[in-house]
Structures are given as C-alpha cells and as structure tokens.
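**Student:** Contents of my_file33.pdb (PDB, C-alpha atoms and all ligand atoms) are below:
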ATOM      1  CA  MET O   1     151.403 138.356  69.699  1.00  0.00           C
ATOM      2  CA  LEU O   2     152.196 137.777  73.349  1.00  0.00           C
ATOM      3  CA  ASN O   3     155.718 136.604  73.817  1.00  0.00           C
ATOM      4  CA  ALA O   4     156.076 133.604  76.099  1.00  0.00           C
ATOM      5  CA  PHE O   5     158.804 135.460  77.972  1.00  0.00           C
ATOM      6  CA  ASP O   6     156.628 138.449  78.798  1.00  0.00           C
ATOM      7  CA  LYS O   7     154.312 136.719  81.174  1.00  0.00           C
ATOM      8  CA  PRO O   8     154.803 133.668  83.394  1.00  0.00           C
ATOM      9  CA  ASP O   9     152.367 130.885  82.658  1.00  0.00           C
ATOM     10  CA  ASN O  10     151.015 129.776  86.036  1.00  0.00           C
ATOM     11  CA  SER O  11     149.739 126.486  84.651  1.00  0.00           C
ATOM     12  CA  ALA O  12     153.456 125.961  84.310  1.00  0.00           C
ATOM     13  CA  ALA O  13     155.420 122.771  83.854  1.00  0.00           C
ATOM     14  CA  ASP O  14     152.867 121.373  81.403  1.00  0.00           C
ATOM     15  CA  THR O  15     154.501 122.301  78.141  1.00  0.00           C
ATOM     16  CA  ALA O  16     152.072 120.332  75.990  1.00  0.00           C
ATOM     17  CA  SER O  17     149.642 123.243  75.742  1.00  0.00           C
ATOM     18  CA  SER O  18     152.313 125.905  75.548  1.00  0.00           C
ATOM     19  CA  LYS O  19     153.461 127.783  72.525  1.00  0.00           C
ATOM     20  CA  PRO O  20     156.937 126.730  71.412  1.00  0.00           C
ATOM     21  CA  ALA O  21     159.559 129.368  70.710  1.00  0.00           C
ATOM     22  CA  ALA O  22     159.396 130.481  67.067  1.00  0.00           C
ATOM     23  CA  ASP O  23     162.886 129.116  66.671  1.00  0.00           C
ATOM     24  CA  GLY O  24     165.056 126.780  68.768  1.00  0.00           C
ATOM     25  CA  LEU O  25     167.348 128.484  71.227  1.00  0.00           C
ATOM     26  CA  PHE O  26     170.639 126.904  72.209  1.00  0.00           C
ATOM     27  CA  ILE O  27     172.167 127.961  75.548  1.00  0.00           C
ATOM     28  CA  THR O  28     175.286 126.616  77.243  1.00  0.00           C
ATOM     29  CA  PHE O  29     176.866 127.150  80.665  1.00  0.00           C
ATOM     30  CA  GLU O  30     180.592 127.138  81.338  1.00  0.00           C
ATOM     31  CA  GLY O  31     182.994 127.756  84.191  1.00  0.00           C
ATOM     32  CA  THR O  32     185.506 126.194  86.557  1.00  0.00           C
ATOM     33  CA  GLU O  33     184.524 124.083  89.559  1.00  0.00           C
ATOM     34  CA  GLY O  34     182.365 125.510  92.340  1.00  0.00           C
ATOM     35  CA  VAL O  35     180.972 128.447  90.335  1.00  0.00           C
ATOM     36  CA  GLY O  36     177.320 127.343  90.741  1.00  0.00           C
ATOM     37  CA  LYS O  37     176.638 126.181  87.175  1.00  0.00           C
ATOM     38  CA  SER O  38     174.243 123.391  88.126  1.00  0.00           C
ATOM     39  CA  THR O  39     172.178 125.748  90.300  1.00  0.00           C
ATOM     40  CA  GLN O  40     171.901 128.283  87.472  1.00  0.00           C
ATOM     41  CA  VAL O  41     171.039 125.600  84.908  1.00  0.00           C
ATOM     42  CA  LYS O  42     168.227 124.398  87.154  1.00  0.00           C
ATOM     43  CA  LEU O  43     166.926 127.901  87.895  1.00  0.00           C
ATOM     44  CA  LEU O  44     166.913 128.839  84.205  1.00  0.00           C
ATOM     45  CA  THR O  45     165.185 125.605  83.243  1.00  0.00           C
ATOM     46  CA  ASP O  46     162.480 126.219  85.866  1.00  0.00           C
ATOM     47  CA  ASN O  47     162.075 129.887  84.903  1.00  0.00           C
ATOM     48  CA  LEU O  48     161.675 129.135  81.200  1.00  0.00           C
ATOM     49  CA  ARG O  49     159.263 126.241  81.805  1.00  0.00           C
ATOM     50  CA  HIS O  50     157.284 128.532  84.084  1.00  0.00           C
ATOM     51  CA  ARG O  51     156.923 130.835  81.090  1.00  0.00           C
ATOM     52  CA  GLY O  52     155.516 127.959  79.059  1.00  0.00           C
ATOM     53  CA  LEU O  53     158.581 127.222  76.945  1.00  0.00           C
ATOM     54  CA  PRO O  54     159.593 123.655  76.081  1.00  0.00           C
ATOM     55  CA  VAL O  55     163.052 123.153  77.541  1.00  0.00           C
ATOM     56  CA  VAL O  56     165.478 120.255  77.165  1.00  0.00           C
ATOM     57  CA  THR O  57     168.266 120.310  79.747  1.00  0.00           C
ATOM     58  CA  THR O  58     171.312 118.106  79.492  1.00  0.00           C
ATOM     59  CA  ARG O  59     175.009 117.968  80.377  1.00  0.00           C
ATOM     60  CA  GLU O  60     178.462 117.168  79.094  1.00  0.00           C
ATOM     61  CA  PRO O  61     180.195 114.861  79.304  1.00  0.00           C
ATOM     62  CA  GLY O  62     177.011 112.789  79.391  1.00  0.00           C
ATOM     63  CA  GLY O  63     173.407 113.337  78.370  1.00  0.00           C
ATOM     64  CA  THR O  64     173.088 110.117  76.324  1.00  0.00           C
ATOM     65  CA  PRO O  65     173.514 106.467  77.382  1.00  0.00           C
ATOM     66  CA  LEU O  66     176.934 106.356  75.685  1.00  0.00           C
ATOM     67  CA  GLY O  67     177.906 109.781  77.028  1.00  0.00           C
ATOM     68  CA  GLU O  68     177.001 108.835  80.602  1.00  0.00           C
ATOM     69  CA  GLU O  69     179.138 105.672  80.345  1.00  0.00           C
ATOM     70  CA  LEU O  70     182.052 107.755  79.088  1.00  0.00           C
ATOM     71  CA  ARG O  71     181.457 110.349  81.823  1.00  0.00           C
ATOM     72  CA  GLY O  72     182.053 107.672  84.446  1.00  0.00           C
ATOM     73  CA  LEU O  73     185.355 106.709  82.815  1.00  0.00           C
ATOM     74  CA  LEU O  74     186.407 110.344  82.363  1.00  0.00           C
ATOM     75  CA  LYS O  75     185.721 111.498  85.916  1.00  0.00           C
ATOM     76  CA  ARG O  76     186.722 108.449  87.934  1.00  0.00           C
ATOM     77  CA  PRO O  77     189.961 109.157  89.840  1.00  0.00           C
ATOM     78  CA  SER O  78     191.477 105.774  88.972  1.00  0.00           C
ATOM     79  CA  SER O  79     195.160 105.753  88.161  1.00  0.00           C
ATOM     80  CA  ARG O  80     194.890 102.575  86.034  1.00  0.00           C
ATOM     81  CA  ALA O  81     192.062 103.668  83.735  1.00  0.00           C
ATOM     82  CA  ALA O  82     192.849 107.405  83.546  1.00  0.00           C
ATOM     83  CA  PRO O  83     192.925 108.560  79.896  1.00  0.00           C
ATOM     84  CA  CYS O  84     195.999 110.383  78.610  1.00  0.00           C
ATOM     85  CA  PRO O  85     195.232 113.978  77.429  1.00  0.00           C
ATOM     86  CA  PRO O  86     194.680 113.102  73.717  1.00  0.00           C
ATOM     87  CA  ALA O  87     192.406 110.186  74.708  1.00  0.00           C
ATOM     88  CA  GLU O  88     190.547 112.500  77.098  1.00  0.00           C
ATOM     89  CA  LEU O  89     190.014 114.996  74.259  1.00  0.00           C
ATOM     90  CA  LEU O  90     188.664 112.343  71.905  1.00  0.00           C
ATOM     91  CA  MET O  91     186.367 110.909  74.565  1.00  0.00           C
ATOM     92  CA  MET O  92     184.913 114.396  75.175  1.00  0.00           C
ATOM     93  CA  ALA O  93     184.427 114.751  71.416  1.00  0.00           C
ATOM     94  CA  ALA O  94     182.740 111.327  71.229  1.00  0.00           C
ATOM     95  CA  CYS O  95     180.278 112.358  73.960  1.00  0.00           C
ATOM     96  CA  ARG O  96     179.508 115.560  72.029  1.00  0.00           C
ATOM     97  CA  ALA O  97     179.012 113.851  68.672  1.00  0.00           C
ATOM     98  CA  GLN O  98     176.502 111.504  70.301  1.00  0.00           C
ATOM     99  CA  LEU O  99     174.722 114.289  72.185  1.00  0.00           C
ATOM    100  CA  MET O 100     174.367 116.371  69.015  1.00  0.00           C
ATOM    101  CA  ARG O 101     172.708 113.527  67.115  1.00  0.00           C
ATOM    102  CA  GLU O 102     170.545 112.131  69.908  1.00  0.00           C
ATOM    103  CA  VAL O 103     169.510 115.226  71.836  1.00  0.00           C
ATOM    104  CA  VAL O 104     170.582 118.698  70.686  1.00  0.00           C
ATOM    105  CA  ARG O 105     169.749 118.716  66.968  1.00  0.00           C
ATOM    106  CA  PRO O 106     166.410 116.879  67.308  1.00  0.00           C
ATOM    107  CA  ALA O 107     165.296 119.327  70.038  1.00  0.00           C
ATOM    108  CA  LEU O 108     166.380 122.424  68.097  1.00  0.00           C
ATOM    109  CA  GLN O 109     164.585 121.102  65.018  1.00  0.00           C
ATOM    110  CA  LYS O 110     161.435 120.940  67.165  1.00  0.00           C
ATOM    111  CA  ARG O 111     162.117 124.574  68.112  1.00  0.00           C
ATOM    112  CA  GLN O 112     162.770 123.798  71.734  1.00  0.00           C
ATOM    113  CA  VAL O 113     165.126 125.568  74.092  1.00  0.00           C
ATOM    114  CA  VAL O 114     168.220 123.445  74.704  1.00  0.00           C
ATOM    115  CA  ILE O 115     170.330 124.110  77.803  1.00  0.00           C
ATOM    116  CA  VAL O 116     173.638 122.281  78.190  1.00  0.00           C
ATOM    117  CA  ASP O 117     175.751 122.236  81.349  1.00  0.00           C
ATOM    118  CA  ARG O 118     179.241 122.513  79.723  1.00  0.00           C
ATOM    119  CA  PHE O 119     179.888 122.284  76.010  1.00  0.00           C
ATOM    120  CA  LEU O 120     182.546 123.060  73.392  1.00  0.00           C
ATOM    121  CA  ASP O 121     184.271 125.826  75.389  1.00  0.00           C
ATOM    122  CA  SER O 122     185.020 123.355  78.195  1.00  0.00           C
ATOM    123  CA  THR O 123     186.984 121.274  75.700  1.00  0.00           C
ATOM    124  CA  THR O 124     188.975 124.288  74.501  1.00  0.00           C
ATOM    125  CA  ALA O 125     189.542 125.497  78.079  1.00  0.00           C
ATOM    126  CA  TYR O 126     190.324 122.143  79.789  1.00  0.00           C
ATOM    127  CA  GLN O 127     191.989 120.084  77.055  1.00  0.00           C
ATOM    128  CA  GLY O 128     193.415 123.074  75.137  1.00  0.00           C
ATOM    129  CA  TYR O 129     194.447 125.713  77.690  1.00  0.00           C
ATOM    130  CA  GLY O 130     194.567 123.334  80.683  1.00  0.00           C
ATOM    131  CA  ARG O 131     196.255 120.232  79.214  1.00  0.00           C
ATOM    132  CA  GLY O 132     198.122 122.170  76.515  1.00  0.00           C
ATOM    133  CA  LEU O 133     196.745 120.287  73.492  1.00  0.00           C
ATOM    134  CA  ASP O 134     196.783 121.950  70.082  1.00  0.00           C
ATOM    135  CA  LEU O 135     194.109 124.673  69.913  1.00  0.00           C
ATOM    136  CA  GLU O 136     193.858 124.572  66.139  1.00  0.00           C
ATOM    137  CA  PHE O 137     193.209 120.833  66.152  1.00  0.00           C
ATOM    138  CA  ILE O 138     190.541 121.326  68.838  1.00  0.00           C
ATOM    139  CA  GLN O 139     188.827 123.884  66.566  1.00  0.00           C
ATOM    140  CA  GLN O 140     188.816 121.343  63.743  1.00  0.00           C
ATOM    141  CA  LEU O 141     187.347 118.777  66.094  1.00  0.00           C
ATOM    142  CA  HIS O 142     184.576 121.240  67.005  1.00  0.00           C
ATOM    143  CA  ASN O 143     183.821 121.720  63.304  1.00  0.00           C
ATOM    144  CA  PHE O 144     183.622 117.950  62.923  1.00  0.00           C
ATOM    145  CA  THR O 145     181.375 117.231  65.927  1.00  0.00           C
ATOM    146  CA  LEU O 146     179.139 120.312  65.699  1.00  0.00           C
ATOM    147  CA  GLU O 147     178.919 120.856  61.937  1.00  0.00           C
ATOM    148  CA  ASN O 148     177.011 124.138  61.788  1.00  0.00           C
ATOM    149  CA  THR O 149     175.182 123.969  65.077  1.00  0.00           C
ATOM    150  CA  ARG O 150     176.631 126.401  67.605  1.00  0.00           C
ATOM    151  CA  PRO O 151     175.195 127.812  70.829  1.00  0.00           C
ATOM    152  CA  ASP O 152     173.277 131.091  70.506  1.00  0.00           C
ATOM    153  CA  LEU O 153     174.363 132.091  73.970  1.00  0.00           C
ATOM    154  CA  THR O 154     176.952 130.905  76.482  1.00  0.00           C
ATOM    155  CA  PHE O 155     177.155 131.982  80.103  1.00  0.00           C
ATOM    156  CA  LEU O 156     180.637 131.878  81.564  1.00  0.00           C
ATOM    157  CA  LEU O 157     180.249 131.885  85.342  1.00  0.00           C
ATOM    158  CA  ASP O 158     183.501 133.376  86.510  1.00  0.00           C
ATOM    159  CA  LEU O 159     184.936 133.078  90.007  1.00  0.00           C
ATOM    160  CA  ASP O 160     188.294 133.191  91.726  1.00  0.00           C
ATOM    161  CA  ILE O 161     189.729 129.638  91.738  1.00  0.00           C
ATOM    162  CA  ALA O 162     190.396 129.620  95.505  1.00  0.00           C
ATOM    163  CA  ILE O 163     186.765 130.535  96.261  1.00  0.00           C
ATOM    164  CA  GLY O 164     185.399 127.939  93.808  1.00  0.00           C
ATOM    165  CA  THR O 165     187.619 125.204  95.244  1.00  0.00           C
ATOM    166  CA  GLN O 166     186.567 126.126  98.770  1.00  0.00           C
ATOM    167  CA  ARG O 167     182.884 126.030  97.780  1.00  0.00           C
ATOM    168  CA  SER O 168     183.162 122.612  96.177  1.00  0.00           C
ATOM    169  CA  ARG O 169     185.215 121.215  99.099  1.00  0.00           C
ATOM    170  CA  GLU O 170     182.532 122.376 101.539  1.00  0.00           C
ATOM    171  CA  ARG O 171     179.906 120.700  99.364  1.00  0.00           C
ATOM    172  CA  GLY O 172     181.926 117.472  99.243  1.00  0.00           C
ATOM    173  CA  GLY O 173     182.713 117.413 102.991  1.00  0.00           C
ATOM    174  CA  ASN O 174     186.415 118.316 102.500  1.00  0.00           C
ATOM    175  CA  THR O 175     187.333 114.767 101.431  1.00  0.00           C
ATOM    176  CA  LEU O 176     189.406 113.874  98.347  1.00  0.00           C
ATOM    177  CA  SER O 177     186.996 114.338  95.462  1.00  0.00           C
ATOM    178  CA  GLU O 178     185.402 111.495  93.503  1.00  0.00           C
ATOM    179  CA  ASP O 179     186.122 113.642  90.429  1.00  0.00           C
ATOM    180  CA  ARG O 180     189.489 113.275  88.690  1.00  0.00           C
ATOM    181  CA  PHE O 181     189.300 116.899  87.455  1.00  0.00           C
ATOM    182  CA  ASP O 182     188.633 118.321  90.934  1.00  0.00           C
ATOM    183  CA  ASN O 183     191.848 116.683  92.154  1.00  0.00           C
ATOM    184  CA  GLU O 184     193.995 118.620  89.661  1.00  0.00           C
ATOM    185  CA  GLU O 185     196.402 121.253  91.030  1.00  0.00           C
ATOM    186  CA  ASP O 186     195.280 124.893  91.338  1.00  0.00           C
ATOM    187  CA  ILE O 187     197.644 125.863  88.514  1.00  0.00           C
ATOM    188  CA  PHE O 188     195.623 123.664  86.123  1.00  0.00           C
ATOM    189  CA  HIS O 189     192.351 125.317  87.156  1.00  0.00           C
ATOM    190  CA  ARG O 190     193.919 128.777  86.771  1.00  0.00           C
ATOM    191  CA  LYS O 191     194.971 127.953  83.207  1.00  0.00           C
ATOM    192  CA  VAL O 192     191.440 126.730  82.502  1.00  0.00           C
ATOM    193  CA  ARG O 193     189.898 129.916  83.926  1.00  0.00           C
ATOM    194  CA  ASN O 194     192.229 132.106  81.858  1.00  0.00           C
ATOM    195  CA  GLY O 195     191.352 129.979  78.816  1.00  0.00           C
ATOM    196  CA  PHE O 196     187.638 130.596  79.341  1.00  0.00           C
ATOM    197  CA  LEU O 197     188.257 134.336  79.736  1.00  0.00           C
ATOM    198  CA  THR O 198     190.302 134.394  76.530  1.00  0.00           C
ATOM    199  CA  LEU O 199     187.465 132.662  74.665  1.00  0.00           C
ATOM    200  CA  ALA O 200     184.975 135.198  76.057  1.00  0.00           C
ATOM    201  CA  ARG O 201     187.152 138.052  74.789  1.00  0.00           C
ATOM    202  CA  GLN O 202     187.311 136.414  71.347  1.00  0.00           C
ATOM    203  CA  GLU O 203     183.547 135.876  71.096  1.00  0.00           C
ATOM    204  CA  PRO O 204     181.841 138.597  73.172  1.00  0.00           C
ATOM    205  CA  GLN O 205     178.595 138.300  71.200  1.00  0.00           C
ATOM    206  CA  ARG O 206     178.063 134.694  72.227  1.00  0.00           C
ATOM    207  CA  ILE O 207     179.941 134.308  75.518  1.00  0.00           C
ATOM    208  CA  LYS O 208     178.684 136.459  78.391  1.00  0.00           C
ATOM    209  CA  ILE O 209     180.822 136.635  81.518  1.00  0.00           C
ATOM    210  CA  VAL O 210     178.761 136.535  84.704  1.00  0.00           C
ATOM    211  CA  ASP O 211     180.195 137.385  88.124  1.00  0.00           C
ATOM    212  CA  ALA O 212     179.599 134.144  90.031  1.00  0.00           C
ATOM    213  CA  SER O 213     180.427 135.746  93.384  1.00  0.00           C
ATOM    214  CA  LEU O 214     176.975 137.389  93.373  1.00  0.00           C
ATOM    215  CA  ALA O 215     174.017 135.751  95.117  1.00  0.00           C
ATOM    216  CA  PRO O 216     172.447 132.936  93.029  1.00  0.00           C
ATOM    217  CA  GLU O 217     169.196 134.920  92.559  1.00  0.00           C
ATOM    218  CA  GLU O 218     171.130 137.953  91.262  1.00  0.00           C
ATOM    219  CA  VAL O 219     173.119 135.749  88.879  1.00  0.00           C
ATOM    220  CA  GLN O 220     169.885 134.215  87.607  1.00  0.00           C
ATOM    221  CA  GLU O 221     168.312 137.635  87.067  1.00  0.00           C
ATOM    222  CA  LEU O 222     171.218 138.690  84.829  1.00  0.00           C
ATOM    223  CA  ILE O 223     171.049 135.408  82.918  1.00  0.00           C
ATOM    224  CA  LEU O 224     167.297 135.511  82.397  1.00  0.00           C
ATOM    225  CA  GLU O 225     167.466 139.113  81.153  1.00  0.00           C
ATOM    226  CA  GLN O 226     170.039 138.136  78.520  1.00  0.00           C
ATOM    227  CA  VAL O 227     168.098 135.020  77.481  1.00  0.00           C
ATOM    228  CA  ILE O 228     164.944 137.091  76.960  1.00  0.00           C
ATOM    229  CA  LYS O 229     166.895 139.575  74.833  1.00  0.00           C
ATOM    230  CA  THR O 230     168.446 136.875  72.653  1.00  0.00           C
ATOM    231  CA  HIS O 231     165.148 135.030  72.311  1.00  0.00           C
ATOM    232  CA  LYS O 232     163.435 138.218  71.096  1.00  0.00           C
ATOM    233  CA  GLN O 233     166.229 138.845  68.584  1.00  0.00           C
ATOM    234  CA  LYS O 234     165.702 135.344  67.191  1.00  0.00           C
ATOM    235  CA  GLN O 235     161.971 135.779  66.591  1.00  0.00           C
ATOM    236  CA  PRO O 236     161.017 136.327  62.954  1.00  0.00           C
ATOM    237  CA  ALA O 237     159.922 139.939  62.321  1.00  0.00           C
TER     238      ALA O 237
HETATM  239  P1  LIG Q 301     181.014 118.543  85.984  1.00  0.00           P
HETATM  240  O1  LIG Q 301     179.905 118.131  85.080  1.00  0.00           O
HETATM  241  O2  LIG Q 301     180.828 118.099  87.381  1.00  0.00           O
HETATM  242  O3  LIG Q 301     181.363 119.992  85.854  1.00  0.00           O
HETATM  243  O4  LIG Q 301     182.329 117.711  85.579  1.00  0.00           O
HETATM  244  C1  LIG Q 301     182.710 117.519  84.297  1.00  0.00           C
HETATM  245  C2  LIG Q 301     184.220 117.630  84.215  1.00  0.00           C
HETATM  246  O5  LIG Q 301     184.606 117.370  82.880  1.00  0.00           O
HETATM  247  C3  LIG Q 301     184.668 119.040  84.541  1.00  0.00           C
HETATM  248  N1  LIG Q 301     185.529 118.987  85.657  1.00  0.00           N
HETATM  249  N2  LIG Q 301     185.851 119.897  86.408  1.00  0.00           N
HETATM  250  N3  LIG Q 301     186.221 120.630  87.148  1.00  0.00           N
HETATM  251  C4  LIG Q 301     185.368 119.531  83.304  1.00  0.00           C
HETATM  252  C5  LIG Q 301     185.526 118.345  82.439  1.00  0.00           C
HETATM  253  N4  LIG Q 301     185.327 118.584  80.999  1.00  0.00           N
HETATM  254  C6  LIG Q 301     186.425 118.656  80.182  1.00  0.00           C
HETATM  255  O6  LIG Q 301     187.559 118.541  80.644  1.00  0.00           O
HETATM  256  N5  LIG Q 301     186.241 118.835  78.842  1.00  0.00           N
HETATM  257  C7  LIG Q 301     184.998 118.937  78.269  1.00  0.00           C
HETATM  258  O7  LIG Q 301     184.872 119.078  77.055  1.00  0.00           O
HETATM  259  C8  LIG Q 301     183.849 118.855  79.147  1.00  0.00           C
HETATM  260  C9  LIG Q 301     182.474 118.957  78.562  1.00  0.00           C
HETATM  261  C10 LIG Q 301     184.070 118.694  80.491  1.00  0.00           C
END
Just dump the structure as structure tokens.
Ligand code: ATM

**Tutor:**
Amino acid sequence: MLNAFDKPDNSAADTASSKPAADGLFITFEGTEGVGKSTQVKLLTDNLRHRGLPVVTTREPGGTPLGEELRGLLKRPSSRAAPCPPAELLMMAACRAQLMREVVRPALQKRQVVIVDRFLDSTTAYQGYGRGLDLEFIQQLHNFTLENTRPDLTFLLDLDIAIGTQRSRERGGNTLSEDRFDNEEDIFHRKVRNGFLTLARQEPQRIKIVDASLAPEEVQELILEQVIKTHKQKQPA
C-alpha cells in the first residue's frame, strides 16, 4: 500500500478524499522565545496536508474558546491581573484539560495528525524549572490533565537565549513586548532552556532536539524526516 508520506498529493489541501493515517499521530513543538516554532508548525502542517494527511493544528495556552480567553489573561503584561506562579500553573493546566477534551482526543480518535505549538514540556520548563514550582506536583498534574494521552514526538527547537531574544525583538520592533513572558529577565529564559534540555535528556525517544540556528528549510527537512519515520513505525504491520 502506498504510504501517504511517500508521495506528495498535488490535489493537496482537500483532505476529504485523502487516506487518513492508520493511527493518529500526536506531535508537539517546544522551545524558548524566538526559536521559530510557529514557522515550523506552519511548514509541517502544510507539508503533511500536501501529502494528503488530515492535520489539526492548535496551540497552548489556547486552542479552545476557554483556552484563548485564559491565554489573554496569562500573556497580558498587566501588573494588577498577573497570576502568581501557582495560579499560572493551574491556568496552564486548565487550558490543557480543555484542549484535550475538545480538540486533541477527538482528533486522535479520528486518526488525524495533531500538531500542538507548546504542550506539557512548556509547563515543566516554565513553571517548574523557570518559576521553581515543585516538579513532582507538575508531573501529577500532567497525569491528571493528560490521562494516558502523550505526544508521540516532540521537537525541541533549541537556540542560544541571546539570539532568540534578538530575533523576537526585531520581529516586535524593539518595543516592550505585549507578552508578559517575553518581558522576563534573561536568567529566567536560561533556566527554562536548561529545563527543556534536561527533559530531552530524560526522554530521548520522544523529545528530539533540533538546532534552531539552521535555516528554516533545513530545520523543516530534519523535522519532516523524523515525522515520516515515526509515522511508519506507528503503522500496523
Ligand atoms: P507563545 O505561544 O507566543 O509561545 O506564548 C506562550 C507563552 O506561554 C510562552 N511564553 N514565552 N516565552 C510560554 C508560556 N507557557 C508557559 O509558561 N507554560 C505552559 O504550559 C505553556 C503551554 C506556555
């Protein structure tokens, strides 16, 4: 049987006539600011749709009506409404619980490819390693919000913090960011990056480190190659 990954389908974005993957595939993207996550998420979505696969792309925090409301509260740099670290953790978990029920599980049950821009590792890296909240409790929270559904594959786009900050400042016109997280000190972002790298060392099967200093097309090539490999491994024999 021809695998959907082997040959691009030029009739493309129309997924109605395409063959779904034999099993759902769950892919997440992680990294600190300015690493090019959104670009890679978009490129992968387009590449997989081009191959005739049904793809659902979403983000965290967000991706549901409730999640998007919470995203606004979480990212807004307001001193009056800023959540304290434990509240921030629980709000991230609330977004995830909602996203799992409304988007991720239903799509995986339909054997679609689900791509999420940030997921559980962001919580461990930002609220755990960055804010210093209890890592064991965060694991328990993951068990609660995710039950048994975990990503098949996670791409950690890794880049020096100074370069990432510079990239995102250039994008934002060098003004003070509209994002509360972007306005954190460099030391916070360094802790987060080290947290991500620690997680990747703990789970090398799932979390693949990608050098985000490469050109976007090169990064995408590496990602696509790994996705194809994992997809093939998931096909029933
Ligand atoms: P972006 O979607 O623009 O990456 O912003 C989401 C922010 O939320 C991101 N900020 N930065 N830099 C990281 C933060 N975040 C957490 O702190 N914990 C989480 O669990 C998630 C999903 C995101």

**Student:** Distance limit 6 Å, reference ligand LIG 301 (chain Q), atoms considered: only C-alpha atoms and all ligand atoms. Which residues make the cut? Give them as a list in words.

**Tutor:** Thr32, Glu33, Glu60, Pro61, Met92, Arg118, Phe119, Leu120, Ser122, Thr123, Tyr126, Gln127, Phe181 and Asp182 of chain O

**Student:** Given the choices O:Asp179, O:Glu185, O:Asp121, O:Glu218, which gets closest to Arg71 in chain O if the distance is worked out from all atoms listed in the file?

**Tutor:**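 Once distances to Arg71 in chain O are computed over all atoms listed in the file, the minimum belongs to O:Asp179.
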
**Student:** On this file, the PyMOL selection byres (((chain O and resi 148-157) around 10) and not hetatm) gives some set of residues; write that set as a ChimeraX atom specification.

**Tutor:** /O:24-37,40,100,104-105,108,114-121,142-147,158-159,193,196-197,199-200,203-213,219,223,226-227,230-231,234

**Student:** What does the structure give for the distance between CA of Gln233 in chain O and CA of Leu214 in chain O, in Å to one decimal?

**Tutor:**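 Interatomic distance, CA of Gln233 in chain O to CA of Leu214 in chain O: 27.1 Å.
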
**Student:** Edge lengths and centre, in Å to one decimal, as JSON: that's what I need for the box along x, y and z that holds all listed atoms of range 151-159 of chain O plus 3 Å on each side.

**Tutor:**
{"center_x": 179.1, "center_y": 130.6, "center_z": 80.3, "size_x": 17.7, "size_y": 11.6, "size_z": 25.5}

**Student:** Quick one: residues within 8 Å of Arg76 in chain O, all atoms listed in the file, excluding same-chain residues fewer than 5 positions away - as a ChimeraX atom specification?

**Tutor:** /O:82,178-180

**Student:** Interatomic distance between CA of Ile138 in chain O and CA of Ala93 in chain O?

**Tutor:**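 CA of Ala93 in chain O lies 9.3 Å from CA of Ile138 in chain O.
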
**Student:** If I take CA of Arg59 in chain O and CA of Arg101 in chain O, how far is one from the other in Å, to one decimal?

**Tutor:**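 Taking CA of Arg59 in chain O as the start and CA of Arg101 in chain O as the end point, the length is 14.2 Å.
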
**Student:** Using only C-alpha atoms for the distances, tell me which of O:Gly132, O:Pro77, O:Pro86, O:Gly63 is nearest to Gln98 in chain O.

**Tutor:**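 Closest candidate: O:Gly63.
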
**Student:** On this structure, which residues satisfy the PyMOL selection byres (((chain O and resi 112) around 8) and not hetatm), written as a VMD selection string?

**Tutor:** chain O and resid 20 to 21 23 to 25 53 to 56 107 to 111 113 to 114

**Student:** Considering all atoms listed in the file, can you say which of O:Lys232, O:Glu225, O:Glu217, O:Pro83 comes closest to Leu43 in chain O?

**Tutor:**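 Checking each candidate against Leu43 in chain O, we get O:Glu217 as the closest.
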
**Student:** Quick one: of O:Leu135, O:Leu141, O:Leu73, O:Cys84, who's nearest to Ala97 in chain O, counting only C-alpha atoms?

**Tutor:**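 Among the listed residues, the smallest separation from Ala97 in chain O belongs to O:Leu141.
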
**Student:** In terms of the shortest atom-to-atom distance over only C-alpha atoms, which of O:Ala81, O:Leu89, O:Ile228, O:Val103 is closest to Thr57 in chain O?

**Tutor:**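 So, comparing all the options, the nearest one is O:Val103.
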
**Student:** Rank O:Gly130, O:Arg190, O:Phe137, O:Lys42 by their smallest atom-to-atom distance to Ala162 in chain O, using only C-alpha atoms, and report the top residue only.

**Tutor:**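 Among the listed residues, the smallest separation from Ala162 in chain O belongs to O:Arg190.
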
**Student:** Since the input is missing atoms for range 51-63 of chain O, could you rebuild it with N, CA and C atoms and give the result as a short mmCIF file (atom, residue, chain, number, x, y, z; two decimals), in the frame of the given file?

**Tutor:**
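What follows is the written file out12.cif:
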data_model
loop_
_atom_site.label_atom_id
_atom_site.label_comp_id
_atom_site.auth_asym_id
_atom_site.auth_seq_id
_atom_site.Cartn_x
_atom_site.Cartn_y
_atom_site.Cartn_z
N ARG O 51 157.45 129.94 82.13
CA ARG O 51 156.92 130.84 81.09
C ARG O 51 156.32 130.07 79.92
N GLY O 52 156.20 128.77 80.08
CA GLY O 52 155.52 127.96 79.06
C GLY O 52 156.38 127.50 77.90
N LEU O 53 157.70 127.64 78.05
CA LEU O 53 158.58 127.22 76.94
C LEU O 53 159.02 125.77 77.10
N PRO O 54 159.10 125.04 76.00
CA PRO O 54 159.59 123.66 76.08
C PRO O 54 161.11 123.66 76.20
N VAL O 55 161.61 123.10 77.28
CA VAL O 55 163.05 123.15 77.54
C VAL O 55 163.62 121.75 77.67
N VAL O 56 164.74 121.51 77.01
CA VAL O 56 165.48 120.26 77.17
C VAL O 56 166.79 120.61 77.85
N THR O 57 167.03 120.01 79.01
CA THR O 57 168.27 120.31 79.75
C THR O 57 169.15 119.06 79.79
N THR O 58 170.41 119.26 79.50
CA THR O 58 171.31 118.11 79.49
C THR O 58 172.71 118.56 79.92
N ARG O 59 173.68 117.62 79.89
CA ARG O 59 175.01 117.97 80.38
C ARG O 59 176.08 117.26 79.57
N GLU O 60 177.29 117.79 79.70
CA GLU O 60 178.46 117.17 79.09
C GLU O 60 179.59 117.09 80.11
N PRO O 61 180.43 116.06 80.09
CA PRO O 61 180.20 114.86 79.30
C PRO O 61 178.98 114.13 79.85
N GLY O 62 178.20 113.52 78.97
CA GLY O 62 177.01 112.79 79.39
C GLY O 62 175.82 113.09 78.50
N GLY O 63 174.63 112.94 79.08
CA GLY O 63 173.41 113.34 78.37
C GLY O 63 172.83 112.30 77.43
#
